[in-house]
$ cat data-v3.cif   # mmCIF, C-alpha atoms
data_structure
loop_
_atom_site.group_PDB
_atom_site.id
_atom_site.type_symbol
_atom_site.label_atom_id
_atom_site.label_comp_id
_atom_site.auth_asym_id
_atom_site.auth_seq_id
_atom_site.Cartn_x
_atom_site.Cartn_y
_atom_site.Cartn_z
ATOM 1 C CA PRO A 19 -5.763 -18.941 24.424
ATOM 2 C CA ARG A 20 -3.274 -19.165 21.596
ATOM 3 C CA LEU A 21 -3.353 -20.440 18.029
ATOM 4 C CA THR A 22 -0.507 -22.775 17.060
ATOM 5 C CA ALA A 23 0.389 -24.518 13.807
ATOM 6 C CA PRO A 24 3.168 -27.063 14.342
ATOM 7 C CA ASP A 25 2.596 -28.656 10.909
ATOM 8 C CA LYS A 26 2.919 -26.350 7.913
ATOM 9 C CA VAL A 27 4.251 -26.181 4.356
ATOM 10 C CA PHE A 28 5.870 -23.367 2.389
ATOM 11 C CA LEU A 29 5.738 -23.733 -1.402
ATOM 12 C CA ASN A 30 7.052 -21.194 -3.901
ATOM 13 C CA ILE A 31 6.234 -21.981 -7.523
ATOM 14 C CA LYS A 32 8.840 -20.535 -9.877
ATOM 15 C CA GLY A 33 7.456 -17.588 -11.827
ATOM 16 C CA ALA A 34 4.001 -17.799 -10.239
ATOM 17 C CA THR A 35 1.811 -14.760 -9.623
ATOM 18 C CA HIS A 36 -1.222 -14.292 -7.394
ATOM 19 C CA ASN A 37 -3.320 -15.793 -10.204
ATOM 20 C CA GLU A 38 -1.600 -19.172 -9.870
ATOM 21 C CA PRO A 39 -4.419 -20.788 -7.807
ATOM 22 C CA ILE A 40 -7.028 -20.018 -10.474
ATOM 23 C CA GLN A 41 -4.952 -20.268 -13.642
ATOM 24 C CA GLY A 42 -1.780 -22.289 -13.156
ATOM 25 C CA HIS A 43 -2.850 -25.057 -10.752
ATOM 26 C CA ARG A 44 0.731 -26.369 -10.732
ATOM 27 C CA ALA A 45 0.700 -26.815 -6.955
ATOM 28 C CA SER A 46 -2.503 -28.860 -6.985
ATOM 29 C CA PRO A 47 -0.924 -32.284 -6.231
ATOM 30 C CA LEU A 48 0.731 -30.991 -3.060
ATOM 31 C CA VAL A 49 -2.254 -28.886 -2.013
ATOM 32 C CA SER A 50 -4.492 -31.901 -2.425
ATOM 33 C CA ALA A 51 -2.153 -34.165 -0.453
ATOM 34 C CA PHE A 52 -1.884 -31.641 2.386
ATOM 35 C CA ALA A 53 -5.670 -31.270 2.589
ATOM 36 C CA LYS A 54 -6.260 -35.028 2.534
ATOM 37 C CA LEU A 55 -3.674 -35.567 5.273
ATOM 38 C CA TYR A 56 -4.751 -32.853 7.699
ATOM 39 C CA ALA A 57 -8.446 -32.414 6.874
ATOM 40 C CA LEU A 58 -9.425 -36.009 6.099
ATOM 41 C CA GLY A 59 -6.780 -37.867 8.094
ATOM 42 C CA GLU A 60 -5.479 -39.891 5.133
ATOM 43 C CA GLU A 61 -2.097 -40.941 6.542
ATOM 44 C CA GLY A 62 -1.012 -42.315 3.176
ATOM 45 C CA GLN A 63 -0.566 -38.716 2.004
ATOM 46 C CA ARG A 64 2.131 -38.050 4.611
ATOM 47 C CA ASP A 65 4.846 -39.430 2.331
ATOM 48 C CA VAL A 66 3.735 -37.030 -0.394
ATOM 49 C CA VAL A 67 3.862 -33.982 1.850
ATOM 50 C CA PHE A 68 7.141 -34.889 3.558
ATOM 51 C CA SER A 69 9.094 -35.675 0.392
ATOM 52 C CA THR A 70 10.861 -33.630 -2.234
ATOM 53 C CA PRO A 71 8.209 -32.441 -4.714
ATOM 54 C CA PRO A 72 8.137 -34.218 -8.096
ATOM 55 C CA GLU A 73 9.867 -32.595 -11.071
ATOM 56 C CA SER A 74 6.449 -31.813 -12.567
ATOM 57 C CA ILE A 75 6.102 -29.050 -9.963
ATOM 58 C CA PRO A 76 8.506 -26.190 -10.824
ATOM 59 C CA VAL A 77 9.669 -25.292 -7.340
ATOM 60 C CA ALA A 78 11.681 -22.061 -7.090
ATOM 61 C CA GLU A 79 15.382 -22.407 -6.461
ATOM 62 C CA LYS A 80 17.375 -20.620 -3.780
ATOM 63 C CA GLY A 81 17.815 -17.032 -4.859
ATOM 64 C CA ASP A 82 14.602 -16.854 -6.871
ATOM 65 C CA LYS A 83 11.917 -14.311 -6.011
ATOM 66 C CA ASN A 84 10.410 -15.002 -2.544
ATOM 67 C CA SER A 85 13.073 -17.652 -1.862
ATOM 68 C CA PRO A 86 16.206 -15.604 -1.168
ATOM 69 C CA GLU A 87 17.771 -17.966 1.359
ATOM 70 C CA ALA A 88 16.515 -21.451 0.625
ATOM 71 C CA TYR A 89 14.859 -23.882 -1.794
ATOM 72 C CA GLY A 90 11.206 -23.018 -2.522
ATOM 73 C CA TYR A 91 9.714 -25.969 -0.629
ATOM 74 C CA LEU A 92 9.721 -26.561 3.101
ATOM 75 C CA ALA A 93 7.548 -29.040 4.999
ATOM 76 C CA CYS A 94 7.532 -28.753 8.792
ATOM 77 C CA GLY A 95 5.880 -31.308 11.044
ATOM 78 C CA SER A 96 5.616 -31.852 14.773
ATOM 79 C CA ASP A 97 6.423 -35.572 14.338
ATOM 80 C CA GLU A 98 8.449 -35.427 11.118
ATOM 81 C CA ASP A 99 11.882 -34.270 10.071
ATOM 82 C CA ALA A 100 11.778 -31.119 8.000
ATOM 83 C CA VAL A 101 11.996 -31.484 4.216
ATOM 84 C CA PRO A 102 14.587 -30.527 3.166
ATOM 85 C CA LEU A 103 16.377 -31.189 6.450
ATOM 86 C CA GLU A 104 19.016 -28.506 5.892
ATOM 87 C CA SER A 105 16.265 -25.859 6.029
ATOM 88 C CA ALA A 106 14.844 -27.028 9.358
ATOM 89 C CA ASN A 107 15.977 -23.792 10.999
ATOM 90 C CA PHE A 108 13.212 -22.027 9.065
ATOM 91 C CA CYS A 109 10.520 -24.138 10.776
ATOM 92 C CA ALA A 110 9.938 -21.556 13.472
ATOM 93 C CA PRO A 111 6.967 -22.378 15.734
ATOM 94 C CA PHE A 112 3.787 -20.511 14.891
ATOM 95 C CA ASP A 113 2.293 -19.220 18.132
ATOM 96 C CA PHE A 114 -0.268 -16.433 17.946
ATOM 97 C CA PRO A 115 -2.436 -14.881 20.700
ATOM 98 C CA MET A 116 -6.101 -15.468 19.950
ATOM 99 C CA LYS A 117 -6.996 -11.978 21.180
ATOM 100 C CA SER A 118 -5.265 -10.613 18.072
ATOM 101 C CA LEU A 119 -7.818 -12.469 15.979
ATOM 102 C CA SER A 120 -10.781 -11.021 17.819
ATOM 103 C CA THR A 121 -10.983 -8.091 15.408
ATOM 104 C CA ALA A 122 -12.161 -10.498 12.708
ATOM 105 C CA ALA A 123 -15.403 -10.891 14.637
ATOM 106 C CA ARG A 124 -16.103 -7.161 14.752
ATOM 107 C CA ALA A 125 -19.103 -6.003 12.791
ATOM 108 C CA ALA A 126 -18.346 -4.134 9.597
ATOM 109 C CA PRO A 127 -18.679 -0.334 9.899
ATOM 110 C CA GLU A 128 -21.966 1.016 8.553
ATOM 111 C CA GLN A 129 -20.279 2.998 5.786
ATOM 112 C CA PRO A 130 -16.792 3.819 4.498
ATOM 113 C CA PRO A 131 -14.861 6.589 6.268
ATOM 114 C CA LEU A 132 -14.048 10.052 5.034
ATOM 115 C CA TRP A 133 -10.567 10.578 3.589
ATOM 116 C CA GLY A 134 -8.448 11.213 6.688
ATOM 117 C CA GLY A 135 -11.527 10.973 8.873
ATOM 118 C CA SER A 136 -12.677 14.568 8.340
ATOM 119 C CA GLN A 137 -12.772 17.471 5.902
ATOM 120 C CA GLN A 138 -9.810 19.301 7.462
ATOM 121 C CA TRP A 139 -6.531 17.726 8.571
ATOM 122 C CA SER A 140 -2.798 17.412 7.954
ATOM 123 C CA CYS A 141 -0.175 14.682 8.171
ATOM 124 C CA HIS A 142 3.390 13.740 7.241
ATOM 125 C CA VAL A 143 3.485 10.998 4.605
ATOM 126 C CA LYS A 144 6.091 8.488 3.470
ATOM 127 C CA MET A 145 5.608 7.768 -0.209
ATOM 128 C CA THR A 146 6.605 4.594 -2.029
ATOM 129 C CA ASN A 147 5.920 5.013 -5.739
ATOM 130 C CA PRO A 148 7.959 3.017 -8.263
ATOM 131 C CA ALA A 149 4.810 3.068 -10.419
ATOM 132 C CA ASP A 150 5.348 6.734 -11.297
ATOM 133 C CA SER A 151 9.019 7.277 -10.461
ATOM 134 C CA GLU A 152 11.576 4.559 -11.123
ATOM 135 C CA SER A 153 14.531 6.860 -10.432
ATOM 136 C CA HIS A 154 13.194 8.271 -7.127
ATOM 137 C CA PRO A 155 10.641 5.732 -5.861
ATOM 138 C CA GLN A 156 10.671 6.788 -2.187
ATOM 139 C CA TRP A 157 10.374 10.211 -0.588
ATOM 140 C CA GLU A 158 8.441 12.099 2.077
ATOM 141 C CA PHE A 159 6.005 14.983 1.995
ATOM 142 C CA ASP A 160 3.777 17.044 4.240
ATOM 143 C CA TYR A 161 0.121 16.944 3.301
ATOM 144 C CA PHE A 162 -2.434 19.628 4.164
ATOM 145 C CA TYR A 163 -6.113 19.090 3.404
ATOM 146 C CA ASP A 164 -9.051 21.484 3.693
ATOM 147 C CA GLU A 165 -12.182 20.557 1.774
ATOM 148 C CA ILE A 166 -14.073 23.429 3.388
ATOM 149 C CA LEU A 167 -11.747 25.837 1.583
ATOM 150 C CA GLY A 168 -11.608 23.545 -1.474
ATOM 151 C CA ALA A 169 -7.831 23.141 -1.493
ATOM 152 C CA GLU A 170 -4.993 20.783 -0.618
ATOM 153 C CA LEU A 171 -1.205 21.242 -0.492
ATOM 154 C CA TYR A 172 1.623 18.747 -1.006
ATOM 155 C CA LYS A 173 5.063 19.827 0.241
ATOM 156 C CA HIS A 174 7.356 17.280 -1.408
ATOM 157 C CA GLY A 175 10.852 17.203 0.062
ATOM 158 C CA GLU A 176 14.162 16.873 -1.757
ATOM 159 C CA GLY A 177 14.571 13.528 -3.497
ATOM 160 C CA GLN A 178 10.928 13.534 -4.504
ATOM 161 C CA GLY A 179 9.685 11.678 -7.559
ATOM 162 C CA ASP A 180 6.164 13.079 -7.718
ATOM 163 C CA GLU A 181 4.609 12.656 -11.159
ATOM 164 C CA ILE A 182 3.220 16.211 -11.170
ATOM 165 C CA CYS A 183 6.573 17.748 -10.262
ATOM 166 C CA GLN A 184 8.489 15.688 -12.828
ATOM 167 C CA GLY A 185 7.499 17.835 -15.771
ATOM 168 C CA ALA A 186 7.953 21.188 -14.059
ATOM 169 C CA VAL A 187 10.779 21.017 -11.512
ATOM 170 C CA ASP A 188 14.425 20.001 -11.770
ATOM 171 C CA GLU A 189 14.734 16.342 -10.852
ATOM 172 C CA ALA A 190 14.376 15.568 -7.145
ATOM 173 C CA LYS A 191 14.290 19.240 -6.052
ATOM 174 C CA GLU A 192 11.895 20.307 -3.300
ATOM 175 C CA CYS A 193 8.511 20.793 -4.964
ATOM 176 C CA TRP A 194 5.179 22.016 -3.624
ATOM 177 C CA VAL A 195 1.898 21.316 -5.406
ATOM 178 C CA LEU A 196 -1.158 23.373 -4.496
ATOM 179 C CA ASN A 197 -4.550 22.224 -5.734
ATOM 180 C CA ALA A 198 -6.090 25.628 -5.199
ATOM 181 C CA ALA A 199 -9.672 26.734 -4.665
ATOM 182 C CA ASP A 200 -9.665 28.383 -8.107
ATOM 183 C CA GLY A 201 -9.507 24.935 -9.720
ATOM 184 C CA ASN A 202 -5.867 25.174 -10.833
ATOM 185 C CA ALA A 203 -2.839 23.191 -9.709
ATOM 186 C CA TYR A 204 0.259 25.295 -9.065
ATOM 187 C CA VAL A 205 3.686 23.644 -9.097
ATOM 188 C CA ARG A 206 6.498 25.426 -7.268
ATOM 189 C CA GLU A 207 10.235 24.758 -7.191
ATOM 190 C CA ILE A 208 11.060 26.141 -3.751
ATOM 191 C CA GLU A 209 14.807 26.598 -4.158
ATOM 192 C CA ALA A 210 14.464 28.517 -7.424
ATOM 193 C CA GLY A 211 11.367 30.418 -6.329
ATOM 194 C CA THR A 212 9.538 29.545 -9.555
ATOM 195 C CA CYS A 213 5.956 28.550 -10.205
ATOM 196 C CA CYS A 214 3.976 27.199 -13.129
ATOM 197 C CA LYS A 215 0.376 26.174 -13.674
ATOM 198 C CA TYR A 216 -0.194 22.497 -14.398
ATOM 199 C CA PRO A 217 -1.848 22.211 -17.853
ATOM 200 C CA MET A 218 -4.345 19.520 -16.869
ATOM 201 C CA HIS A 219 -7.159 19.822 -14.354
ATOM 202 C CA LEU A 220 -6.353 17.683 -11.320
ATOM 203 C CA GLY A 221 -8.755 18.690 -8.589
ATOM 204 C CA MET A 222 -8.367 17.861 -4.925
ATOM 205 C CA ILE A 223 -9.190 14.516 -3.378
ATOM 206 C CA LYS A 224 -12.832 14.414 -2.286
ATOM 207 C CA SER A 225 -13.364 13.499 1.362
ATOM 208 C CA ASP A 226 -16.213 11.117 0.483
ATOM 209 C CA TRP A 227 -14.484 9.336 -2.414
ATOM 210 C CA LEU A 228 -14.689 5.980 -0.620
ATOM 211 C CA ILE A 229 -18.424 6.415 -0.072
ATOM 212 C CA ASN A 230 -19.074 7.505 -3.662
ATOM 213 C CA SER A 231 -16.964 4.593 -4.955
ATOM 214 C CA ASN A 232 -19.113 2.113 -3.002
ATOM 215 C CA ALA A 233 -15.994 0.873 -1.227
ATOM 216 C CA THR A 234 -16.334 -2.513 0.446
ATOM 217 C CA PHE A 235 -15.092 -3.485 3.883
ATOM 218 C CA ALA A 236 -12.243 -6.017 3.600
ATOM 219 C CA GLY A 237 -11.864 -6.683 7.315
ATOM 220 C CA THR A 238 -9.396 -5.553 9.939
ATOM 221 C CA GLU A 239 -5.650 -5.934 9.804
ATOM 222 C CA GLU A 240 -2.571 -4.729 11.606
ATOM 223 C CA ILE A 241 -0.399 -2.259 9.667
ATOM 224 C CA SER A 242 2.801 -0.887 11.187
ATOM 225 C CA GLY A 243 1.597 -1.947 14.623
ATOM 226 C CA VAL A 244 -1.801 -0.256 14.264
ATOM 227 C CA GLU A 245 -5.135 -2.094 14.088
ATOM 228 C CA THR A 246 -6.991 -0.804 11.037
ATOM 229 C CA ASN A 247 -10.160 -1.120 9.012
ATOM 230 C CA HIS A 248 -9.303 -2.036 5.426
ATOM 231 C CA TRP A 249 -11.483 -0.712 2.590
ATOM 232 C CA VAL A 250 -11.311 -1.563 -1.109
ATOM 233 C CA ALA A 251 -12.706 0.612 -3.891
ATOM 234 C CA ALA A 252 -12.834 -0.074 -7.614
ATOM 235 C CA GLY A 253 -11.481 2.525 -10.003
ATOM 236 C CA GLN A 254 -8.939 2.791 -12.796
ATOM 237 C CA TYR A 255 -6.849 0.773 -10.353
ATOM 238 C CA THR A 256 -8.056 -1.073 -7.270
ATOM 239 C CA ASN A 257 -7.708 1.363 -4.370
ATOM 240 C CA ASN A 258 -6.950 0.183 -0.846
ATOM 241 C CA TYR A 259 -7.353 2.393 2.203
ATOM 242 C CA ALA A 260 -6.705 1.581 5.861
ATOM 243 C CA CYS A 261 -7.726 3.758 8.801
ATOM 244 C CA THR A 262 -7.755 3.432 12.570
ATOM 245 C CA ILE A 263 -10.593 1.492 14.181
ATOM 246 C CA ASP A 264 -10.930 3.627 17.306
ATOM 247 C CA GLY A 265 -13.673 5.817 15.872
ATOM 248 C CA GLY A 266 -11.415 8.599 14.615
ATOM 249 C CA ASP A 267 -10.871 7.000 11.196
ATOM 250 C CA GLU A 268 -7.368 8.487 11.079
ATOM 251 C CA PRO A 269 -5.440 7.501 7.936
ATOM 252 C CA VAL A 270 -2.835 4.752 8.174
ATOM 253 C CA ARG A 271 -2.165 3.683 4.577
ATOM 254 C CA PHE A 272 -3.392 4.145 1.023
ATOM 255 C CA TRP A 273 -2.130 1.848 -1.729
ATOM 256 C CA GLU A 274 -2.798 0.653 -5.251
ATOM 257 C CA TYR A 275 -0.968 -1.271 -7.947
ATOM 258 C CA LYS A 276 -0.496 0.139 -11.418
ATOM 259 C CA GLY A 277 0.065 -3.135 -13.187
ATOM 260 C CA GLU A 278 2.570 -4.811 -10.868
ATOM 261 C CA LEU A 279 4.069 -1.549 -9.567
ATOM 262 C CA LEU A 280 3.130 -0.140 -6.179
ATOM 263 C CA LYS A 281 1.969 3.339 -5.254
ATOM 264 C CA GLN A 282 1.613 3.704 -1.486
ATOM 265 C CA TRP A 283 1.098 6.434 1.096
ATOM 266 C CA ASP A 284 2.120 5.601 4.684
ATOM 267 C CA PHE A 285 0.736 8.197 7.084
ATOM 268 C CA ASP A 286 2.752 9.140 10.183
ATOM 269 C CA LEU A 287 0.090 9.134 12.892
ATOM 270 C CA ASN A 288 2.414 10.946 15.292
ATOM 271 C CA SER A 289 2.192 13.958 12.990
ATOM 272 C CA PHE A 290 -1.534 13.687 12.251
ATOM 273 C CA ALA A 291 -3.525 16.771 13.221
ATOM 274 C CA ALA A 292 -7.292 17.054 12.835
ATOM 275 C CA GLY A 293 -8.787 20.469 12.155
ATOM 276 C CA PRO A 294 -8.003 23.383 9.831
ATOM 277 C CA PRO A 295 -4.330 23.389 8.780
ATOM 278 C CA GLY A 296 -4.375 27.180 8.336
ATOM 279 C CA ASP A 297 -5.921 29.358 5.633
ATOM 280 C CA ASP A 298 -2.590 30.919 4.628
ATOM 281 C CA LEU A 299 -1.266 27.564 3.424
ATOM 282 C CA PHE A 300 -3.791 27.545 0.597
ATOM 283 C CA GLU A 301 -3.398 31.101 -0.619
ATOM 284 C CA ILE A 302 -2.032 31.383 -4.144
ATOM 285 C CA PRO A 303 1.572 32.701 -3.859
ATOM 286 C CA GLU A 304 2.519 35.900 -5.670
ATOM 287 C CA GLU A 305 4.851 34.079 -8.074
ATOM 288 C CA CYS A 306 1.922 31.859 -9.114
ATOM 289 C CA LYS A 307 -0.718 34.517 -9.725
ATOM 290 C CA HIS A 308 0.454 35.185 -13.277
ATOM 291 C CA ALA A 309 2.182 31.837 -13.829
ATOM 292 C CA ARG A 310 2.413 30.274 -17.247
ATOM 293 C CA TYR A 311 1.555 26.679 -17.891
ATOM 294 C CA CYS A 312 4.231 24.118 -17.065
ATOM 295 C CA HIS A 313 6.130 23.213 -20.242
ATOM 296 C CA THR A 314 5.863 19.419 -20.148
ATOM 297 C CA LEU A 315 3.821 16.611 -18.707
ATOM 298 C CA PRO A 316 5.302 13.618 -16.866
ATOM 299 C CA THR A 317 6.633 10.889 -19.149
ATOM 300 C CA ASN A 318 6.026 7.894 -16.847
#

$ encode --input "data-v3.cif" --output "structure tokens"
Amino acid sequence: PRLTAPDKVFLNIKGATHNEPIQGHRASPLVSAFAKLYALGEEGQRDVVFSTPPESIPVAEKGDKNSPEAYGYLACGSDEDAVPLESANFCAPFDFPMKSLSTAARAAPEQPPLWGGSQQWSCHVKMTNPADSESHPQWEFDYFYDEILGAELYKHGEGQGDEICQGAVDEAKECWVLNAADGNAYVREIEAGTCCKYPMHLGMIKSDWLINSNATFAGTEEISGVETNHWVAAGQYTNNYACTIDGGDEPVRFWEYKGELLKQWDFDLNSFAAGPPGDDLFEIPEECKHARYCHTLPTN
């Protein structure tokens, strides 16, 4: 079986945020008309839905945010001409296999997963972080995690914008950050062969942080072609974490918003490896053993 939706409406309110439904209410006349037409069968509302919205509703213009190619209102109907007609090519049929919705019926897991699914693992990560680095918002790093040893290592590649590296390493140079078992964070510029000790205690990510944060199950969703369990945990910012649903709890994505700016880890599952990454990775390098504190802290 398949789910289809031949009748649908796209509405983009100019300047609206995700709080619009509870604060702005500017779309209410059209939302009400749509509900009355399709839920209650009030045919008199059809002319409201399939007409240009009144001027009292500030519809986004072509080129505004979320409306790059067309006017911010589009009504599509199986028995009606599209409104506006010149945008009818955007009325693509909605046809979705019902089996893809079956995950919604799955019972919620008994408890949140461990970070990465276990206490020892490694993975390549694609970072998107305009929240902490406007000049270099995207880069990649290799991540090595061993809670048994009490350490984790970030190998940030060239072009990195990591907030810890910003105050210690020349901009965008390859930078490794070791949260070591001795409780210190060591910041290394690989090309220069230098190391400094970060002046604030950071500490490694705890494997059970989702459990201790009383994270709630937000359902299943597909991310980058992978079916995942989505968890949400309250903190300084709302943390979102998605992992595989096959029992391995392998990491797929972590994300949060600092204000309106995104910080997101996308894990490359092809590189994921469960088990000890190797003790030597977490040893404190010679150049770090007598390192001074890093001179400055990040400014953003």

$ residues_near_point --input "data-v3.cif" --point "(-16.0, -4.2, 12.1)" --cutoff "12 Å" --atoms "all atoms listed in the file" --output "PyMOL selection string"
chain A and resi 120-130+234-239+245-249+261-265

$ resolve_selection --input "data-v3.cif" --expression "the PyMOL selection byres ((chain A and resi 282) around 7)" --output "JSON, numbers by chain"
{"A": [145, 146, 147, 272, 273, 274, 280, 281, 283, 284]}

$ resolve_selection --input "data-v3.cif" --expression "the PyMOL selection byres ((chain A and resi 153) around 12)" --output "VMD selection string"
chain A and resid 146 to 152 154 to 157 177 to 181 184 189 to 190 318

$ residues_around --input "data-v3.cif" --residues "Ser289 of chain A" --least-positions-apart "3" --cutoff "7 Å" --atoms "all atoms listed in the file" --output "list in words"
Cys141, His142 and Asp286 of chain A

$ resolve_selection --input "data-v3.cif" --expression "the PyMOL selection byres ((chain A and resi 103) around 12)" --output "ChimeraX atom specification"
/A:68-70,88-89,91-95,98-102,104-109

$ atom_distance --input "data-v3.cif" --atom1 "atom CA of Glu305 of chain A" --atom2 "atom CA of Glu165 of chain A"
23.9 Å

$ closest_residue --input "data-v3.cif" --among "A:Asp25, A:Asp297, A:Asp65, A:Asp226" --to "Gly135 of chain A" --atoms "only C-alpha atoms"
A:Asp226

$ residues_around --input "data-v3.cif" --residues "Pro76 of chain A" --least-positions-apart "6" --cutoff "10 Å" --atoms "only C-alpha atoms" --output "ChimeraX atom specification"
/A:30-34,44-45,90

$ atom_distance --input "data-v3.cif" --atom1 "atom CA of Cys193 of chain A" --atom2 "atom CA of Glu207 of chain A"
4.9 Å

$ residues_around --input "data-v3.cif" --residues "segment 228-231 of chain A" --least-positions-apart "3" --cutoff "8 Å" --atoms "only C-alpha atoms" --output "list in words"
Gln129, Pro130, Pro131, Leu132, Trp133, Ser225, Ala251, Ala252 and Gly253 of chain A

$ atom_distance --input "data-v3.cif" --atom1 "atom CA of Ala53 of chain A" --atom2 "atom CA of Val67 of chain A"
9.9 Å

$ axis_aligned_box --input "data-v3.cif" --around "segment 207-218 of chain A" --padding-each-side "8 Å" --output "JSON"
{"center_x": 5.2, "center_y": 25.0, "center_z": -10.8, "size_x": 35.2, "size_y": 26.9, "size_z": 30.1}

$ closest_residue --input "data-v3.cif" --among "A:Leu29, A:Ala110, A:Leu48, A:Leu220" --to "Val77 of chain A" --atoms "only C-alpha atoms"
A:Leu29

$ residues_around --input "data-v3.cif" --residues "Cys306 of chain A" --least-positions-apart "5" --cutoff "12 Å" --atoms "only C-alpha atoms" --output "ChimeraX atom specification"
/A:194-196,198,202-207,211-216,301,311-312

$ write_last_selection --input "data-v3.cif" --atoms "C-alpha atoms" --output "CSV table (one decimal), in the coordinates of the input"
chain,number,residue,atom,x,y,z
A,194,TRP,CA,5.2,22.0,-3.6
A,195,VAL,CA,1.9,21.3,-5.4
A,196,LEU,CA,-1.2,23.4,-4.5
A,198,ALA,CA,-6.1,25.6,-5.2
A,202,ASN,CA,-5.9,25.2,-10.8
A,203,ALA,CA,-2.8,23.2,-9.7
A,204,TYR,CA,0.3,25.3,-9.1
A,205,VAL,CA,3.7,23.6,-9.1
A,206,ARG,CA,6.5,25.4,-7.3
A,207,GLU,CA,10.2,24.8,-7.2
A,211,GLY,CA,11.4,30.4,-6.3
A,212,THR,CA,9.5,29.5,-9.6
A,213,CYS,CA,6.0,28.6,-10.2
A,214,CYS,CA,4.0,27.2,-13.1
A,215,LYS,CA,0.4,26.2,-13.7
A,216,TYR,CA,-0.2,22.5,-14.4
A,301,GLU,CA,-3.4,31.1,-0.6
A,311,TYR,CA,1.6,26.7,-17.9
A,312,CYS,CA,4.2,24.1,-17.1

$ closest_residue --input "data-v3.cif" --among "A:Thr256, A:Ser96, A:Asn288, A:Ser50" --to "Ser140 of chain A" --atoms "all atoms listed in the file"
A:Asn288

$ closest_residue --input "data-v3.cif" --among "A:Ile166, A:Ala23, A:Ala233, A:Ile75" --to "His43 of chain A" --atoms "all atoms listed in the file"
A:Ile75
